Each structure stands twice: as structure tokens, then as C-alpha cells.
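*Asks:* Next comes run-v4.txt, compact mmCIF, C-alpha atoms:
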# COMPACT_ATOMS: atom_id res chain seq x y z
CA MET A 1312 62.38 14.86 -24.77
CA THR A 1313 62.38 17.72 -22.25
CA LEU A 1314 59.70 17.05 -19.64
CA HIS A 1315 59.93 20.43 -17.87
CA SER A 1316 62.18 23.47 -17.66
CA VAL A 1317 63.14 23.32 -13.97
CA ARG A 1318 66.87 22.89 -13.32
CA PHE A 1319 68.95 22.72 -10.13
CA PRO A 1320 72.32 24.36 -9.39
CA GLY A 1321 75.33 22.58 -10.84
CA GLU A 1322 73.50 19.68 -12.47
CA SER A 1323 75.17 18.10 -15.49
CA GLU A 1324 73.64 17.00 -18.77
CA SER A 1325 74.17 13.37 -17.76
CA TYR A 1326 72.38 13.98 -14.46
CA ARG A 1327 69.44 15.63 -16.28
CA ALA A 1328 69.20 12.78 -18.78
CA ALA A 1329 69.14 10.21 -15.98
CA ARG A 1330 66.67 12.27 -13.97
CA ASP A 1331 64.33 12.61 -16.95
CA ALA A 1332 64.43 8.85 -17.48
CA LEU A 1333 63.54 8.41 -13.82
CA LEU A 1334 60.77 11.01 -14.11
CA THR A 1335 59.25 9.05 -16.97
CA ALA A 1336 59.28 5.93 -14.79
CA GLU A 1337 57.74 7.90 -11.90
CA MET A 1338 54.90 9.08 -14.12
CA GLU A 1339 54.32 5.51 -15.27
CA LEU A 1340 54.22 4.40 -11.65
CA ARG A 1341 51.71 7.16 -10.86
CA ARG A 1342 49.45 5.93 -13.66
CA LYS A 1343 49.80 2.32 -12.51
CA THR A 1344 49.05 3.30 -8.92
CA GLU A 1345 45.80 4.90 -10.06
CA GLU A 1346 44.96 1.88 -12.21
CA VAL A 1347 45.34 -0.40 -9.19
CA ALA A 1348 43.30 1.96 -7.01
CA ALA A 1349 40.55 1.97 -9.64
CA LEU A 1350 40.49 -1.85 -9.66
CA ARG A 1351 40.24 -1.78 -5.88
CA ARG A 1352 37.27 0.60 -6.06
CA LYS A 1353 35.53 -1.68 -8.56
CA LEU A 1354 35.66 -4.76 -6.34
CA PRO A 1355 32.22 -6.31 -5.82
CA LEU A 1356 30.86 -6.70 -2.32
CA GLY A 1357 32.63 -9.37 -0.32
CA GLY A 1358 30.91 -11.63 2.13
CA ALA A 1359 28.52 -10.34 4.76
CA VAL A 1360 30.11 -10.11 8.20
CA PRO A 1361 28.99 -13.22 10.14
CA GLU A 1362 28.07 -11.30 13.30
CA ASP A 1363 27.84 -7.78 14.64
CA TYR A 1364 31.06 -8.08 16.64
CA THR A 1365 31.14 -6.48 20.06
CA PHE A 1366 34.37 -4.62 20.83
CA GLU A 1367 35.40 -2.73 23.95
CA GLU A 1368 36.71 0.81 24.08
CA LEU A 1369 37.10 3.56 26.65
CA GLY A 1370 34.41 6.21 26.61
CA ALA A 1371 34.92 9.93 27.03
CA ASP A 1372 34.56 9.43 30.79
CA GLY A 1373 37.40 6.89 30.80
CA ALA A 1374 35.10 3.98 31.58
CA PRO A 1375 35.09 0.83 29.41
CA ARG A 1376 32.10 0.49 27.15
CA ARG A 1377 30.97 -1.99 24.54
CA VAL A 1378 30.50 -0.97 20.94
CA ARG A 1379 29.18 -3.09 18.09
CA MET A 1380 30.81 -3.18 14.70
CA SER A 1381 27.74 -1.59 13.11
CA GLU A 1382 28.13 1.34 15.50
CA LEU A 1383 31.62 2.05 14.18
CA PHE A 1384 30.02 3.52 11.06
CA ALA A 1385 29.80 7.04 12.46
CA ARG A 1386 29.67 8.11 8.82
CA PRO A 1387 27.00 5.64 7.65
CA ASP A 1388 27.76 5.85 3.93
CA ALA A 1389 31.55 5.77 4.33
CA SER A 1390 33.86 2.77 4.48
CA LEU A 1391 35.14 1.39 7.75
CA VAL A 1392 38.89 0.75 7.84
CA LEU A 1393 40.06 -1.55 10.66
CA TYR A 1394 43.74 -2.18 11.25
CA SER A 1395 44.69 -5.25 13.28
CA PHE A 1396 47.45 -4.09 15.63
CA MET A 1397 49.84 -6.82 16.78
CA TYR A 1398 49.48 -6.41 20.53
CA GLY A 1399 48.05 -9.59 22.01
CA PRO A 1400 47.65 -10.30 25.72
CA ASP A 1401 50.54 -12.79 25.69
CA MET A 1402 52.94 -10.39 23.96
CA ALA A 1403 55.51 -8.78 26.26
CA GLN A 1404 55.45 -5.63 24.14
CA ALA A 1405 53.64 -4.23 21.14
CA CYS A 1406 54.95 -4.90 17.65
CA PRO A 1407 57.52 -2.18 16.82
CA MET A 1408 56.60 -2.23 13.13
CA CYS A 1409 52.87 -1.75 13.81
CA THR A 1410 53.73 0.93 16.35
CA CYS A 1411 55.86 2.85 13.86
CA MET A 1412 53.06 2.82 11.29
CA LEU A 1413 50.44 3.83 13.88
CA ASP A 1414 52.65 6.68 15.16
CA ALA A 1415 52.22 8.24 11.73
CA LEU A 1416 48.59 7.24 11.25
CA ASP A 1417 47.61 8.89 14.53
CA GLY A 1418 48.74 12.22 13.07
CA ASN A 1419 46.51 11.74 10.03
CA ALA A 1420 43.53 10.10 11.74
CA ARG A 1421 41.58 13.33 12.28
CA HIS A 1422 41.93 14.13 8.60
CA ALA A 1423 41.04 10.60 7.50
CA MET A 1424 37.91 10.53 9.63
CA GLN A 1425 36.48 13.46 7.71
CA ARG A 1426 35.96 10.99 4.87
CA ILE A 1427 36.07 7.43 6.26
CA ASN A 1428 35.51 5.55 9.49
CA LEU A 1429 38.79 4.38 11.02
CA ALA A 1430 39.74 2.28 14.04
CA VAL A 1431 42.59 0.14 15.34
CA VAL A 1432 41.86 -3.28 16.85
CA ALA A 1433 44.11 -5.25 19.21
CA LYS A 1434 43.54 -8.44 21.20
CA SER A 1435 44.83 -7.10 24.52
CA PRO A 1436 42.43 -5.72 27.16
CA ILE A 1437 41.39 -2.16 26.39
CA ALA A 1438 43.13 -0.70 29.45
CA ARG A 1439 46.45 -2.17 28.31
CA ILE A 1440 45.95 -0.83 24.79
CA ARG A 1441 45.14 2.65 26.06
CA ASP A 1442 48.10 2.63 28.45
CA PHE A 1443 50.41 1.91 25.52
CA ALA A 1444 48.69 4.56 23.41
CA GLY A 1445 49.36 7.05 26.21
CA GLU A 1446 53.04 6.16 26.19
CA ARG A 1447 53.13 6.79 22.43
CA ARG A 1448 51.09 10.01 22.81
CA TRP A 1449 48.45 8.82 20.38
CA ARG A 1450 45.54 11.24 20.54
CA SER A 1451 43.33 10.63 17.51
CA LEU A 1452 43.16 6.90 16.80
CA ARG A 1453 39.99 5.10 17.82
CA LEU A 1454 41.27 2.09 19.76
CA LEU A 1455 39.28 -1.12 20.21
CA SER A 1456 39.84 -4.37 22.07
CA SER A 1457 38.79 -7.60 20.40
CA ALA A 1458 39.57 -9.66 23.51
CA GLY A 1459 35.93 -10.77 23.77
CA ASN A 1460 35.21 -11.70 20.15
CA THR A 1461 36.55 -13.66 17.19
CA TYR A 1462 37.10 -10.72 14.83
CA ASN A 1463 40.89 -11.14 14.72
CA ARG A 1464 40.65 -14.83 13.93
CA ASP A 1465 37.83 -14.43 11.39
CA TYR A 1466 39.52 -11.59 9.50
CA HIS A 1467 43.09 -12.91 9.68
CA GLY A 1468 44.48 -10.55 12.29
CA GLU A 1469 45.35 -13.73 14.19
CA THR A 1470 46.50 -17.19 13.16
CA GLU A 1471 45.07 -20.49 14.34
CA THR A 1472 47.90 -20.68 16.87
CA GLY A 1473 47.05 -17.26 18.32
CA ALA A 1474 49.89 -15.32 16.69
CA GLN A 1475 48.88 -11.76 15.87
CA MET A 1476 48.96 -10.50 12.27
CA PRO A 1477 49.08 -6.91 10.92
CA LEU A 1478 46.17 -6.94 8.48
CA LEU A 1479 44.13 -3.96 7.31
CA ASN A 1480 40.50 -4.70 6.38
CA VAL A 1481 37.85 -2.49 4.78
CA PHE A 1482 34.09 -2.88 5.31
CA VAL A 1483 30.96 -1.12 4.04
CA ARG A 1484 27.31 -1.00 5.11
CA ARG A 1485 24.74 -1.87 2.45
CA GLN A 1486 21.00 -2.35 3.06
CA GLY A 1487 21.48 -2.83 6.78
CA LYS A 1488 24.30 -5.35 6.48
CA THR A 1489 28.05 -5.03 6.90
CA HIS A 1490 30.15 -6.45 4.08
CA HIS A 1491 33.85 -7.05 3.76
CA VAL A 1492 35.29 -5.45 0.60
CA PHE A 1493 39.09 -5.43 0.85
CA ALA A 1494 42.08 -6.69 2.81
CA THR A 1495 45.79 -6.05 2.35
CA GLU A 1496 46.34 -9.54 0.95
CA LEU A 1497 49.84 -8.76 -0.24
CA LEU A 1498 50.68 -10.00 3.26
CA PHE A 1499 49.77 -13.52 2.13
CA GLY A 1500 51.15 -13.44 -1.40
CA PRO A 1501 54.74 -14.28 -2.33
CA ALA A 1502 57.22 -11.50 -1.58
CA GLU A 1503 59.82 -10.29 -4.02
CA THR A 1504 63.40 -11.40 -3.38
CA GLY A 1505 65.02 -9.18 -0.77
CA GLN A 1506 61.74 -7.43 0.14
CA ASN A 1507 59.03 -7.88 2.71
CA HIS A 1508 55.39 -7.94 1.64
CA ARG A 1509 54.85 -4.13 1.88
CA HIS A 1510 51.12 -4.66 2.23
CA VAL A 1511 50.44 -1.44 4.18
CA ASP A 1512 53.36 0.64 2.88
CA PRO A 1513 51.09 3.10 1.00
CA ILE A 1514 49.93 4.50 4.39
CA TRP A 1515 53.35 4.23 6.05
CA PRO A 1516 55.39 7.41 5.31
CA LEU A 1517 58.69 6.15 6.71
CA TRP A 1518 59.51 3.70 3.92
CA ASN A 1519 58.32 6.06 1.19
CA LEU A 1520 60.60 8.74 2.65
CA PHE A 1521 63.56 6.35 2.54
CA ASP A 1522 62.74 5.52 -1.08
CA PHE A 1523 63.57 9.13 -2.02
CA THR A 1524 67.17 8.73 -0.83
CA PRO A 1525 70.27 7.11 -2.40
CA GLU A 1526 70.57 4.70 0.55
CA GLY A 1527 66.96 3.58 0.19
CA ARG A 1528 65.24 1.34 2.71
CA GLY A 1529 68.15 -0.99 3.25
CA THR A 1530 67.69 -4.56 4.43
CA ASP A 1531 69.09 -4.52 7.96
CA TRP A 1532 67.25 -1.69 9.76
CA PHE A 1533 63.78 -1.84 11.29
CA PRO A 1534 61.88 0.49 13.62
CA LYS A 1535 62.17 0.06 17.39
CA LEU A 1536 59.95 1.13 20.25
CA ALA A 1537 62.76 3.32 21.62
CA TYR A 1538 66.15 4.61 20.41
What is this structure when it is put down as C-alpha cells?

*Replies:*
Amino acid sequence: MTLHSVRFPGESESYRAARDALLTAEMELRRKTEEVAALRRKLPLGGAVPEDYTFEELGADGAPRRVRMSELFARPDASLVLYSFMYGPDMAQACPMCTCMLDALDGNARHAMQRINLAVVAKSPIARIRDFAGERRWRSLRLLSSAGNTYNRDYHGETETGAQMPLLNVFVRRQGKTHHVFATELLFGPAETGQNHRHVDPIWPLWNLFDFTPEGRGTDWFPKLAY
């Protein structure tokens, strides 16, 4: 079956047949992606947040200020997406993988915040987080320190031993209470052979870009803080 009439210079009949088979699979994947997203949207409310966590951030004047979790809902009826950035006070450097993902997310943050509330949480002191953000030239991400609360531990951005974890959590406000609704739990499920968990890959353009190429993602290359 011919799926469309577009053709590229020099392509063979065998190429077109293989490409059409792939296109069918891509359309099936698109449908499945929407099915999964619909299931995600239908999730019932999760548990109420046990406390109105107090984070620290730098204000417009550059001075540290405290902000409660409930105050992060600048758009009251929109979800709050919090990404736990692996940059604890005992880490010599920030996680290169988290940094790579956040490099891209910073570019989209202004767009995202037209529809949702978005912030990045790390365990280091806020000054250290902002210094690193300056080195990366992040301009749009809202950056928070959880050094003074148990948010990371409670919402699995930190293990019992203090190791930092790269989890993305989603919260909503309902009838004056904050509820958890979603986390990227693929991080905790079994991974496929030869793959990592890919729990935040949908918002990480790098890997999706590689997936368009014949060489793919590979298994022996990972982002670095500098090249």
C-alpha cells in the first residue's frame, strides 16, 4: 500500500518498500505514544504531599529567599513539574547526564511555563547551584535548593544512603492541597537488555535525534560536562 506520494532522489523500490514498512511502524508508535499519554492523564490523584516543603532560591535581587512548594504554583490550575537534578553537596561535580538534559530543557522552559509550572531541584546550596547554572548559561530554568528539607528523600530524588537520583515528579493543587500524580517510575522498573531505563527520554532531544540515524544511540558514548 502506498502511504504517500513523496519520493527522494535516487531511491530504489526496495528502499521505498522498507521505508513504508518503517513508516507503518512509526505510525503505530505514534498511536501507542498517545495511548500511554492518555493513560497518564487519567491517573487518579496520588497521595497528598506530607508538608508544604520550604525550598531556597535566589530572588531577582540576587539574594536567597525561601519559597514554599504551594507558592511554586504560579499558574494555580496547572501542574507542577519538578525535576530532581543530581547535584548534591558531596558531589565533586554535577551529573553530566542530568546536565545534558537540562541544557536542552532550559531552552524550552519559557515555552513550557506558558502552560505548566516547572522547576529544577538539587540538594546543594542554592549559591552553588546558581554558580553551575551560570557556567552552563542556563537562563530560564527555575532553580531550587532542597538542602533544608526532605523533599528529595520523600520523592525518591535521593536514596537512603544519600545518593542523588534523577527523578521527575508531577504535582497538582486540588481544594487547597498539593497532590502527587506522576513520577518517571521507569527508572525503577527493569530495563531492557542493552538499554538504560530511558525514563525522561521523551523530554531529552539528544537521544531522539540519535534514533533518527543509522548509528543510533550506541552503547559506549555518554554526555560529558566538557569536550

*Asks:* Would you write out, as JSON lines, a table of all residues in stretch 1475-1512 of chain A that have an atom no more than 10 Å from an atom of stretch 1453-1469 of chain A, listing for each the closest atom pair and the distance in Å to one decimal, considering all atoms listed in the file and ordering rows by chain and rising residue number?

*Replies:*
{"residue": "A:Gln1475", "atom": "CA", "partner": "A:Glu1469", "partner_atom": "CA", "distance": 4.4}
{"residue": "A:Met1476", "atom": "CA", "partner": "A:Gly1468", "partner_atom": "CA", "distance": 4.5}
{"residue": "A:Pro1477", "atom": "CA", "partner": "A:Gly1468", "partner_atom": "CA", "distance": 6.0}
{"residue": "A:Leu1478", "atom": "CA", "partner": "A:Gly1468", "partner_atom": "CA", "distance": 5.5}
{"residue": "A:Leu1479", "atom": "CA", "partner": "A:Gly1468", "partner_atom": "CA", "distance": 8.3}
{"residue": "A:Asn1480", "atom": "CA", "partner": "A:Tyr1466", "partner_atom": "CA", "distance": 7.6}
{"residue": "A:His1491", "atom": "CA", "partner": "A:Tyr1466", "partner_atom": "CA", "distance": 9.3}
{"residue": "A:Ala1494", "atom": "CA", "partner": "A:Tyr1466", "partner_atom": "CA", "distance": 8.7}
{"residue": "A:Glu1496", "atom": "CA", "partner": "A:His1467", "partner_atom": "CA", "distance": 9.9}

*Asks:* Let me make sure I understand: among A:Ala1430, A:Leu1413, A:Met1380, A:Val1492, which one has the smallest atom-to-atom distance to A:Val1511 if we use all atoms listed in the file?

*Replies:*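 Going through A:Ala1430, A:Leu1413, A:Met1380, A:Val1492 one by one, the smallest distance to A:Val1511 is for A:Leu1413.
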
*Asks:* Which is closest to A:Pro1361 among A:His1508, A:His1490, A:Lys1535, A:Arg1330, if we use only C-alpha atoms?

*Replies:*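 Of A:His1508, A:His1490, A:Lys1535, A:Arg1330, the one nearest A:Pro1361 is A:His1490, counting only C-alpha atoms.
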
*Asks:* For a quick check of understanding, using all atoms listed in the file, which of A:Val1347, A:Ala1329, A:Ala1405, A:Leu1498 has the smallest distance to A:Arg1441?

*Replies:*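 So, comparing all the options, the nearest one is A:Ala1405.
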
*Asks:* What is the atom CA of A:Pro1355 to atom CA of A:Pro1513 distance in Å?

*Replies:*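 Answer for the atom CA of A:Pro1355 to atom CA of A:Pro1513 separation: 22.2 Å.
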
*Asks:* If I take atom CA of A:Arg1421 and atom CA of A:Leu1391, how far is one from the other in Å, to one decimal?

*Replies:*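 Interatomic distance, atom CA of A:Arg1421 to atom CA of A:Leu1391: 14.3 Å.
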
*Asks:* Could you tell me how far atom CA of A:Arg1352 lies from atom CA of A:His1510, in Å and to one decimal?

*Replies:* 17.0 Å

*Asks:* Axis-aligned box over every listed atom of stretch 1453-1469 of chain A, padded by 4 Å per side: centre and edges in Å to one decimal, as AutoDock Vina command-line options?

*Replies:*
--center_x 40.3 --center_y -4.9 --center_z 16.6 --size_x 18.1 --size_y 27.9 --size_z 22.3

*Asks:* Choose the residue, out of A:Ala1349, A:Met1412, A:Cys1406, A:Ile1440, that has the smallest atom-to-atom separation from A:Asn1519; count only C-alpha atoms.

*Replies:*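 Nearest to A:Asn1519: A:Met1412.
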
*Asks:* So that I can check the surroundings of A:Trp1449, please list as a VMD selection string every protein, DNA and RNA residue that reaches within 7 Å of it, counting all atoms listed in the file and ignoring chain neighbours fewer than 4 positions away.

*Replies:* chain A and resid 1417 1444 to 1445

*Asks:* Pick from A:Asp1363, A:Glu1368, A:Glu1337, A:Asp1442: nearest to A:Ser1381, with only C-alpha atoms counted?

*Replies:*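 Ranking A:Asp1363, A:Glu1368, A:Glu1337, A:Asp1442 by distance to A:Ser1381, first place goes to A:Asp1363.
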
*Asks:* Near A:Arg1484, counting all atoms listed in the file, which residues have an atom at most 12 Å away, once you skip same-chain residues fewer than 3 positions from it, shown as a CSV table (one decimal) with C-alpha atoms, in the coordinates of the input?

*Replies:*
chain,number,residue,atom,x,y,z
A,1356,LEU,CA,30.9,-6.7,-2.3
A,1357,GLY,CA,32.6,-9.4,-0.3
A,1358,GLY,CA,30.9,-11.6,2.1
A,1359,ALA,CA,28.5,-10.3,4.8
A,1360,VAL,CA,30.1,-10.1,8.2
A,1363,ASP,CA,27.8,-7.8,14.6
A,1380,MET,CA,30.8,-3.2,14.7
A,1381,SER,CA,27.7,-1.6,13.1
A,1382,GLU,CA,28.1,1.3,15.5
A,1383,LEU,CA,31.6,2.0,14.2
A,1384,PHE,CA,30.0,3.5,11.1
A,1385,ALA,CA,29.8,7.0,12.5
A,1386,ARG,CA,29.7,8.1,8.8
A,1387,PRO,CA,27.0,5.6,7.6
A,1388,ASP,CA,27.8,5.8,3.9
A,1389,ALA,CA,31.6,5.8,4.3
A,1390,SER,CA,33.9,2.8,4.5
A,1391,LEU,CA,35.1,1.4,7.8
A,1428,ASN,CA,35.5,5.6,9.5
A,1481,VAL,CA,37.8,-2.5,4.8
A,1487,GLY,CA,21.5,-2.8,6.8
A,1488,LYS,CA,24.3,-5.4,6.5
A,1489,THR,CA,28.0,-5.0,6.9
A,1490,HIS,CA,30.2,-6.4,4.1
A,1491,HIS,CA,33.8,-7.0,3.8
A,1492,VAL,CA,35.3,-5.4,0.6

*Asks:* Looking at A:Val1432, A:Ile1427, A:Leu1416, A:Leu1393, which one is nearest to A:Arg1450, with distances taken over all atoms listed in the file?

*Replies:*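 Residue with the minimum atom-to-atom distance to A:Arg1450: A:Leu1416.
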
*Asks:* Extract, using only C-alpha atoms, all DNA, RNA and protein residues at most 9 Å from A:Leu1369, discarding same-chain residues fewer than 2 positions from it, and format them as a ChimeraX atom specification.

*Replies:* /A:1367,1371-1377,1437-1438,1441,1454-1455
